[in-house]
$ cat data-v3.cif   # mmCIF, C-alpha atoms
data_model
#
loop_
_atom_site.group_PDB
_atom_site.id
_atom_site.type_symbol
_atom_site.label_atom_id
_atom_site.label_comp_id
_atom_site.auth_asym_id
_atom_site.auth_seq_id
_atom_site.Cartn_x
_atom_site.Cartn_y
_atom_site.Cartn_z
ATOM 1 C CA MET I 159 -44.786 -42.194 -5.077
ATOM 2 C CA THR I 160 -42.617 -39.063 -5.631
ATOM 3 C CA PRO I 161 -39.754 -39.041 -8.130
ATOM 4 C CA ALA I 162 -36.145 -39.191 -6.767
ATOM 5 C CA PHE I 163 -35.038 -36.225 -8.872
ATOM 6 C CA PRO I 164 -36.512 -32.718 -8.731
ATOM 7 C CA SER I 165 -38.883 -31.824 -11.480
ATOM 8 C CA PRO I 166 -37.622 -29.791 -14.484
ATOM 9 C CA LYS I 167 -39.436 -26.738 -13.123
ATOM 10 C CA VAL I 168 -37.553 -26.958 -9.800
ATOM 11 C CA ARG I 169 -34.231 -27.537 -11.601
ATOM 12 C CA VAL I 170 -34.731 -24.404 -13.706
ATOM 13 C CA GLY I 171 -35.501 -22.448 -10.518
ATOM 14 C CA LEU I 172 -32.306 -23.695 -8.835
ATOM 15 C CA TRP I 173 -30.245 -22.868 -11.926
ATOM 16 C CA HIS I 174 -31.799 -19.410 -12.089
ATOM 17 C CA ARG I 175 -30.944 -18.716 -8.411
ATOM 18 C CA LEU I 176 -27.384 -20.027 -8.843
ATOM 19 C CA THR I 177 -26.677 -17.848 -11.896
ATOM 20 C CA ARG I 178 -28.238 -14.846 -10.205
ATOM 21 C CA TRP I 179 -26.000 -15.421 -7.138
ATOM 22 C CA LEU I 180 -22.889 -15.732 -9.354
ATOM 23 C CA ARG I 181 -23.698 -12.433 -11.131
ATOM 24 C CA ARG I 182 -23.937 -10.423 -7.921
ATOM 25 C CA GLU I 183 -21.373 -7.623 -7.660
ATOM 26 C CA ASP I 184 -21.588 -6.765 -3.982
ATOM 27 C CA GLY I 185 -18.492 -8.908 -3.132
ATOM 28 C CA THR I 186 -16.056 -7.463 -5.671
ATOM 29 C CA ALA I 187 -14.167 -5.461 -3.044
ATOM 30 C CA THR I 188 -13.375 -8.710 -1.270
ATOM 31 C CA VAL I 189 -11.406 -9.930 -4.288
ATOM 32 C CA GLU I 190 -9.280 -6.777 -4.326
ATOM 33 C CA PHE I 191 -8.770 -7.056 -0.573
ATOM 34 C CA VAL I 192 -7.627 -10.681 -0.842
ATOM 35 C CA VAL I 193 -5.153 -9.762 -3.606
ATOM 36 C CA VAL I 194 -3.726 -6.621 -1.940
ATOM 37 C CA LEU I 195 -3.672 -7.702 1.738
ATOM 38 C CA PRO I 196 -0.694 -10.127 1.493
ATOM 39 C CA ILE I 197 1.372 -7.489 -0.323
ATOM 40 C CA LEU I 198 0.589 -4.908 2.361
ATOM 41 C CA LEU I 199 1.365 -7.367 5.169
ATOM 42 C CA ILE I 200 4.726 -8.288 3.618
ATOM 43 C CA LEU I 201 5.545 -4.592 3.211
ATOM 44 C CA PHE I 202 4.541 -3.862 6.822
ATOM 45 C CA MET I 203 6.492 -6.809 8.254
ATOM 46 C CA SER I 204 9.567 -5.923 6.186
ATOM 47 C CA SER I 205 9.358 -2.348 7.476
ATOM 48 C CA VAL I 206 9.237 -3.567 11.078
ATOM 49 C CA GLU I 207 12.207 -5.894 10.433
ATOM 50 C CA ALA I 208 14.216 -3.105 8.773
ATOM 51 C CA GLY I 209 13.379 -0.683 11.585
ATOM 52 C CA PHE I 210 14.549 -3.053 14.312
ATOM 53 C CA MET I 211 17.650 -3.972 12.330
ATOM 54 C CA GLN I 212 18.563 -0.282 11.925
ATOM 55 C CA LEU I 213 17.862 0.449 15.602
ATOM 56 C CA ARG I 214 20.076 -2.443 16.701
ATOM 57 C CA PHE I 215 22.878 -1.410 14.335
ATOM 58 C CA VAL I 216 22.812 2.234 15.463
ATOM 59 C CA MET I 217 22.852 1.233 19.128
ATOM 60 C CA LEU I 218 25.669 -1.261 18.506
ATOM 61 C CA GLU I 219 27.674 1.535 16.831
ATOM 62 C CA ARG I 220 26.879 3.870 19.748
ATOM 63 C CA GLY I 221 27.902 1.277 22.343
ATOM 64 C CA LEU I 222 31.138 0.534 20.495
ATOM 65 C CA ASP I 223 32.029 4.231 20.039
ATOM 66 C CA MET I 224 31.444 5.032 23.697
ATOM 67 C CA THR I 225 33.413 1.950 24.781
ATOM 68 C CA VAL I 226 36.271 2.937 22.447
ATOM 69 C CA ARG I 227 36.360 6.328 24.151
ATOM 70 C CA GLU I 228 36.687 4.621 27.531
ATOM 71 C CA LEU I 229 39.398 2.285 26.195
ATOM 72 C CA ARG I 230 41.301 5.162 24.623
ATOM 73 C CA LEU I 231 41.289 7.114 27.866
ATOM 74 C CA GLY I 232 42.259 4.061 29.917
ATOM 75 C CA GLN I 233 39.025 3.992 31.942
ATOM 76 C CA ILE I 234 38.716 0.231 31.454
ATOM 77 C CA ALA I 235 41.642 -1.192 33.414
ATOM 78 C CA ALA I 236 43.224 -4.342 31.917
ATOM 79 C CA PRO I 237 40.609 -4.777 29.173
ATOM 80 C CA THR I 238 39.440 -8.317 28.524
ATOM 81 C CA GLN I 239 36.903 -9.741 26.099
ATOM 82 C CA ASP I 240 34.316 -9.980 28.897
ATOM 83 C CA LYS I 241 34.878 -6.449 30.232
ATOM 84 C CA VAL I 242 34.673 -4.849 26.788
ATOM 85 C CA ARG I 243 31.640 -6.938 25.811
ATOM 86 C CA GLN I 244 29.806 -6.040 29.029
ATOM 87 C CA GLU I 245 30.579 -2.353 28.536
ATOM 88 C CA ILE I 246 29.314 -2.376 24.941
ATOM 89 C CA CYS I 247 26.170 -4.200 26.077
ATOM 90 C CA ARG I 248 25.595 -1.729 28.909
ATOM 91 C CA LEU I 249 25.810 1.185 26.497
ATOM 92 C CA ALA I 250 23.965 -0.394 23.551
ATOM 93 C CA MET I 251 20.891 -1.197 25.671
ATOM 94 C CA VAL I 252 18.554 -2.641 22.974
ATOM 95 C CA ILE I 253 20.506 -5.720 21.932
ATOM 96 C CA PRO I 254 18.598 -8.775 23.185
ATOM 97 C CA ASP I 255 20.723 -11.218 25.222
ATOM 98 C CA CYS I 256 23.696 -9.023 24.375
ATOM 99 C CA VAL I 257 26.391 -10.735 26.446
ATOM 100 C CA ASN I 258 25.647 -14.069 24.751
ATOM 101 C CA SER I 259 25.210 -12.527 21.280
ATOM 102 C CA LEU I 260 28.269 -10.293 20.985
ATOM 103 C CA LEU I 261 31.864 -11.093 20.128
ATOM 104 C CA VAL I 262 34.584 -8.430 20.152
ATOM 105 C CA GLU I 263 37.862 -8.464 18.240
ATOM 106 C CA LEU I 264 40.631 -6.100 19.332
ATOM 107 C CA ARG I 265 44.094 -6.031 17.832
ATOM 108 C CA PRO I 266 46.967 -3.628 17.270
ATOM 109 C CA VAL I 267 47.870 -2.478 13.759
ATOM 110 C CA ASP I 268 51.341 -3.383 12.581
ATOM 111 C CA THR I 269 52.665 -0.021 11.348
ATOM 112 C CA SER I 270 55.317 -1.656 9.185
ATOM 113 C CA THR I 271 52.717 -3.383 6.965
ATOM 114 C CA TRP I 272 49.569 -1.426 7.907
ATOM 115 C CA GLY I 273 47.672 -4.685 7.803
ATOM 116 C CA GLY I 274 44.131 -4.395 9.068
ATOM 117 C CA MET I 275 41.638 -7.006 10.092
ATOM 118 C CA SER I 276 40.434 -9.672 7.716
ATOM 119 C CA ASP I 277 37.410 -8.941 5.536
ATOM 120 C CA THR I 278 35.278 -11.524 7.298
ATOM 121 C CA SER I 279 34.310 -10.777 10.854
ATOM 122 C CA THR I 280 34.424 -13.358 13.591
ATOM 123 C CA CYS I 281 30.914 -13.740 14.904
ATOM 124 C CA LEU I 282 29.484 -15.843 17.662
ATOM 125 C CA ASN I 283 27.940 -19.230 17.059
ATOM 126 C CA ARG I 284 25.131 -19.448 19.603
ATOM 127 C CA ALA I 285 25.248 -23.228 19.527
ATOM 128 C CA GLU I 286 28.665 -23.135 21.192
ATOM 129 C CA PRO I 287 29.193 -21.436 24.585
ATOM 130 C CA ILE I 288 31.791 -18.691 24.875
ATOM 131 C CA GLY I 289 34.875 -20.168 26.475
ATOM 132 C CA PRO I 290 36.507 -18.616 29.546
ATOM 133 C CA GLN I 291 39.728 -17.941 27.635
ATOM 134 C CA GLN I 292 40.100 -14.902 25.431
ATOM 135 C CA PRO I 293 40.016 -15.559 21.706
ATOM 136 C CA PRO I 294 43.363 -15.110 19.933
ATOM 137 C CA ASN I 295 42.082 -11.969 18.206
ATOM 138 C CA PHE I 296 41.763 -9.936 21.413
ATOM 139 C CA THR I 297 44.982 -8.080 22.249
ATOM 140 C CA PRO I 298 44.668 -4.862 24.288
ATOM 141 C CA GLY I 299 47.947 -3.417 22.979
ATOM 142 C CA THR I 300 50.294 -0.937 24.640
ATOM 143 C CA GLY I 301 50.516 2.833 24.958
ATOM 144 C CA ASP I 302 50.661 4.893 21.746
ATOM 145 C CA GLN I 303 49.628 1.905 19.642
ATOM 146 C CA LEU I 304 47.028 2.086 16.858
ATOM 147 C CA MET I 305 44.212 -0.376 17.609
ATOM 148 C CA LEU I 306 41.365 -1.824 15.546
ATOM 149 C CA ILE I 307 38.203 -3.027 17.255
ATOM 150 C CA ARG I 308 35.274 -4.850 15.716
ATOM 151 C CA ALA I 309 32.073 -6.017 17.392
ATOM 152 C CA CYS I 310 29.793 -8.588 15.807
ATOM 153 C CA ALA I 311 26.319 -9.204 17.208
ATOM 154 C CA VAL I 312 23.974 -11.974 16.071
ATOM 155 C CA PHE I 313 20.198 -11.597 15.971
ATOM 156 C CA ASN I 314 17.202 -13.735 15.171
ATOM 157 C CA PRO I 315 14.955 -12.123 12.561
ATOM 158 C CA ILE I 316 11.549 -11.038 13.881
ATOM 159 C CA TYR I 317 9.769 -12.487 10.824
ATOM 160 C CA PRO I 318 12.242 -15.078 9.479
ATOM 161 C CA THR I 319 9.996 -16.461 6.729
ATOM 162 C CA ILE I 320 8.459 -13.280 5.321
ATOM 163 C CA GLY I 321 9.775 -10.306 3.347
ATOM 164 C CA LEU I 322 13.094 -8.855 4.504
ATOM 165 C CA GLY I 323 13.559 -11.548 7.163
ATOM 166 C CA LEU I 324 13.536 -14.141 4.401
ATOM 167 C CA GLN I 325 16.037 -12.202 2.267
ATOM 168 C CA LEU I 326 18.659 -11.567 4.985
ATOM 169 C CA ALA I 327 21.915 -13.511 4.745
ATOM 170 C CA LYS I 328 21.745 -15.922 7.652
ATOM 171 C CA ASP I 329 24.175 -18.419 9.158
ATOM 172 C CA VAL I 330 23.424 -22.081 9.886
ATOM 173 C CA GLY I 331 21.654 -21.101 13.113
ATOM 174 C CA GLY I 332 19.218 -18.835 11.249
ATOM 175 C CA THR I 333 20.682 -15.610 12.667
ATOM 176 C CA TYR I 334 21.926 -12.531 10.848
ATOM 177 C CA HIS I 335 25.024 -10.543 11.834
ATOM 178 C CA LEU I 336 25.533 -6.834 12.450
ATOM 179 C CA VAL I 337 29.134 -5.659 12.543
ATOM 180 C CA ALA I 338 30.472 -2.355 13.875
ATOM 181 C CA SER I 339 34.142 -1.393 13.816
ATOM 182 C CA SER I 340 36.357 1.452 14.892
ATOM 183 C CA ALA I 341 39.977 2.446 15.330
ATOM 184 C CA PHE I 342 41.736 4.339 18.110
ATOM 185 C CA VAL I 343 45.149 5.018 19.551
ATOM 186 C CA ASN I 344 45.925 3.908 23.099
ATOM 187 C CA GLU I 345 46.933 6.745 25.345
ATOM 188 C CA PRO I 346 50.614 6.684 26.315
ATOM 189 C CA SER I 347 51.066 4.905 29.621
#

$ encode --input "data-v3.cif" --output "structure tokens"
Amino acid sequence: MTPAFPSPKVRVGLWHRLTRWLRREDGTATVEFVVVLPILLILFMSSVEAGFMQLRFVMLERGLDMTVRELRLGQIAAPTQDKVRQEICRLAMVIPDCVNSLLVELRPVDTSTWGGMSDTSTCLNRAEPIGPQQPPNFTPGTGDQLMLIRACAVFNPIYPTIGLGLQLAKDVGGTYHLVASSAFVNEPS
């Protein structure tokens, strides 16, 4: 009959192999890799998020500036929220689902008070559809009138739970806002 437990000689041999395996140094680079890899991935993902955010902002500014030029010269006849939004989207090009993500405010400046727009921009809530009526803050103005225009686009972060995507100020829908604004004078009609 053999004993149920290994003999002391076998136990010493197992202990010797275990301690020898624990003392090996050929896996030390793995520890450094495991510590540094998450930091590098967060840095990479934040860079991608920042790059796309900057690209979208620059193209939103470009689309708004070119649309303002067309408005100023009267090339957009009877401007409405939809017409201006579609023109900005056509010129901005890289804004995903632009027509459903963009809201435009347009209003004349009262030259007696020189009151501008409010500090908070009106942005779209994607949970609610855009109504067919124009919002009250869209007034095309008349000839020789100073106008303020502001476009607010909403975006979903690419990596919402990591790095920069986690740090962005988001609304209840989990989207962040990019706002571009400009001023122009309507041509005399």

$ atom_distance --input "data-v3.cif" --atom1 "CA of Val312 (chain I)" --atom2 "CA of Trp272 (chain I)"
28.9 Å

$ closest_residue --input "data-v3.cif" --among "I:Thr333, I:Gln212, I:Ser205, I:Ser340" --to "Val252 (chain I)" --atoms "all atoms listed in the file"
I:Gln212

$ resolve_selection --input "data-v3.cif" --expression "the PyMOL selection byres ((chain I and resi 267) around 8)" --output "ChimeraX atom specification"
/I:265-266,268-269,272-274,303-306

$ write_last_selection --input "data-v3.cif" --atoms "C-alpha atoms" --output "PDB file, in the frame of the given file"
ATOM      1  CA  ARG I 265      44.094  -6.031  17.832  1.00  0.00           C
ATOM      2  CA  PRO I 266      46.967  -3.628  17.270  1.00  0.00           C
ATOM      3  CA  ASP I 268      51.341  -3.383  12.581  1.00  0.00           C
ATOM      4  CA  THR I 269      52.665  -0.021  11.348  1.00  0.00           C
ATOM      5  CA  TRP I 272      49.569  -1.426   7.907  1.00  0.00           C
ATOM      6  CA  GLY I 273      47.672  -4.685   7.803  1.00  0.00           C
ATOM      7  CA  GLY I 274      44.131  -4.395   9.068  1.00  0.00           C
ATOM      8  CA  GLN I 303      49.628   1.905  19.642  1.00  0.00           C
ATOM      9  CA  LEU I 304      47.028   2.086  16.858  1.00  0.00           C
ATOM     10  CA  MET I 305      44.212  -0.376  17.609  1.00  0.00           C
ATOM     11  CA  LEU I 306      41.365  -1.824  15.546  1.00  0.00           C
TER      12      LEU I 306
END

$ atom_distance --input "data-v3.cif" --atom1 "CA of Thr300 (chain I)" --atom2 "CA of Phe215 (chain I)"
29.3 Å

$ atom_distance --input "data-v3.cif" --atom1 "CA of Leu282 (chain I)" --atom2 "CA of Leu231 (chain I)"
27.8 Å

$ residues_around --input "data-v3.cif" --residues "His335 (chain I)" --least-positions-apart "6" --cutoff "10 Å" --atoms "only C-alpha atoms" --output "ChimeraX atom specification"
/I:211,215,259-260,279-282,310-314,326-329

$ closest_residue --input "data-v3.cif" --among "I:Thr238, I:Gly232, I:Val170, I:Gln244" --to "Pro346 (chain I)" --atoms "only C-alpha atoms"
I:Gly232

$ closest_residue --input "data-v3.cif" --among "I:Thr278, I:Glu245, I:Cys256, I:Leu261" --to "Leu222 (chain I)" --atoms "all atoms listed in the file"
I:Glu245

$ residues_around --input "data-v3.cif" --residues "region 295-298 of chain I" --least-positions-apart "3" --cutoff "8 Å" --atoms "all atoms listed in the file" --output "ChimeraX atom specification"
/I:236-239,262-266,292

$ closest_residue --input "data-v3.cif" --among "I:Val193, I:Leu324, I:Ala341, I:Ala235" --to "Asp223 (chain I)" --atoms "only C-alpha atoms"
I:Ala341

$ residues_around --input "data-v3.cif" --residues "Glu219 (chain I)" --least-positions-apart "6" --cutoff "12 Å" --atoms "all atoms listed in the file" --output "VMD selection string"
chain I and resid 212 to 213 225 to 226 246 to 247 249 to 253 307 to 311 336 to 340

$ resolve_selection --input "data-v3.cif" --expression "the PyMOL selection byres ((chain I and resi 203) around 9)" --output "PDB file with C-alpha atoms, in the frame of the given file"
ATOM      1  CA  LEU I 198       0.589  -4.908   2.361  1.00  0.00           C
ATOM      2  CA  LEU I 199       1.365  -7.367   5.169  1.00  0.00           C
ATOM      3  CA  ILE I 200       4.726  -8.288   3.618  1.00  0.00           C
ATOM      4  CA  LEU I 201       5.545  -4.592   3.211  1.00  0.00           C
ATOM      5  CA  PHE I 202       4.541  -3.862   6.822  1.00  0.00           C
ATOM      6  CA  SER I 204       9.567  -5.923   6.186  1.00  0.00           C
ATOM      7  CA  SER I 205       9.358  -2.348   7.476  1.00  0.00           C
ATOM      8  CA  VAL I 206       9.237  -3.567  11.078  1.00  0.00           C
ATOM      9  CA  GLU I 207      12.207  -5.894  10.433  1.00  0.00           C
ATOM     10  CA  ALA I 208      14.216  -3.105   8.773  1.00  0.00           C
ATOM     11  CA  ILE I 316      11.549 -11.038  13.881  1.00  0.00           C
ATOM     12  CA  TYR I 317       9.769 -12.487  10.824  1.00  0.00           C
ATOM     13  CA  ILE I 320       8.459 -13.280   5.321  1.00  0.00           C
ATOM     14  CA  GLY I 321       9.775 -10.306   3.347  1.00  0.00           C
ATOM     15  CA  LEU I 322      13.094  -8.855   4.504  1.00  0.00           C
ATOM     16  CA  GLY I 323      13.559 -11.548   7.163  1.00  0.00           C
TER      17      GLY I 323
END

$ closest_residue --input "data-v3.cif" --among "I:Leu195, I:Val343, I:Ala187, I:Met217" --to "Arg230 (chain I)" --atoms "only C-alpha atoms"
I:Val343

$ closest_residue --input "data-v3.cif" --among "I:Tyr334, I:Gly299, I:Phe342, I:Val192" --to "Pro318 (chain I)" --atoms "only C-alpha atoms"
I:Tyr334
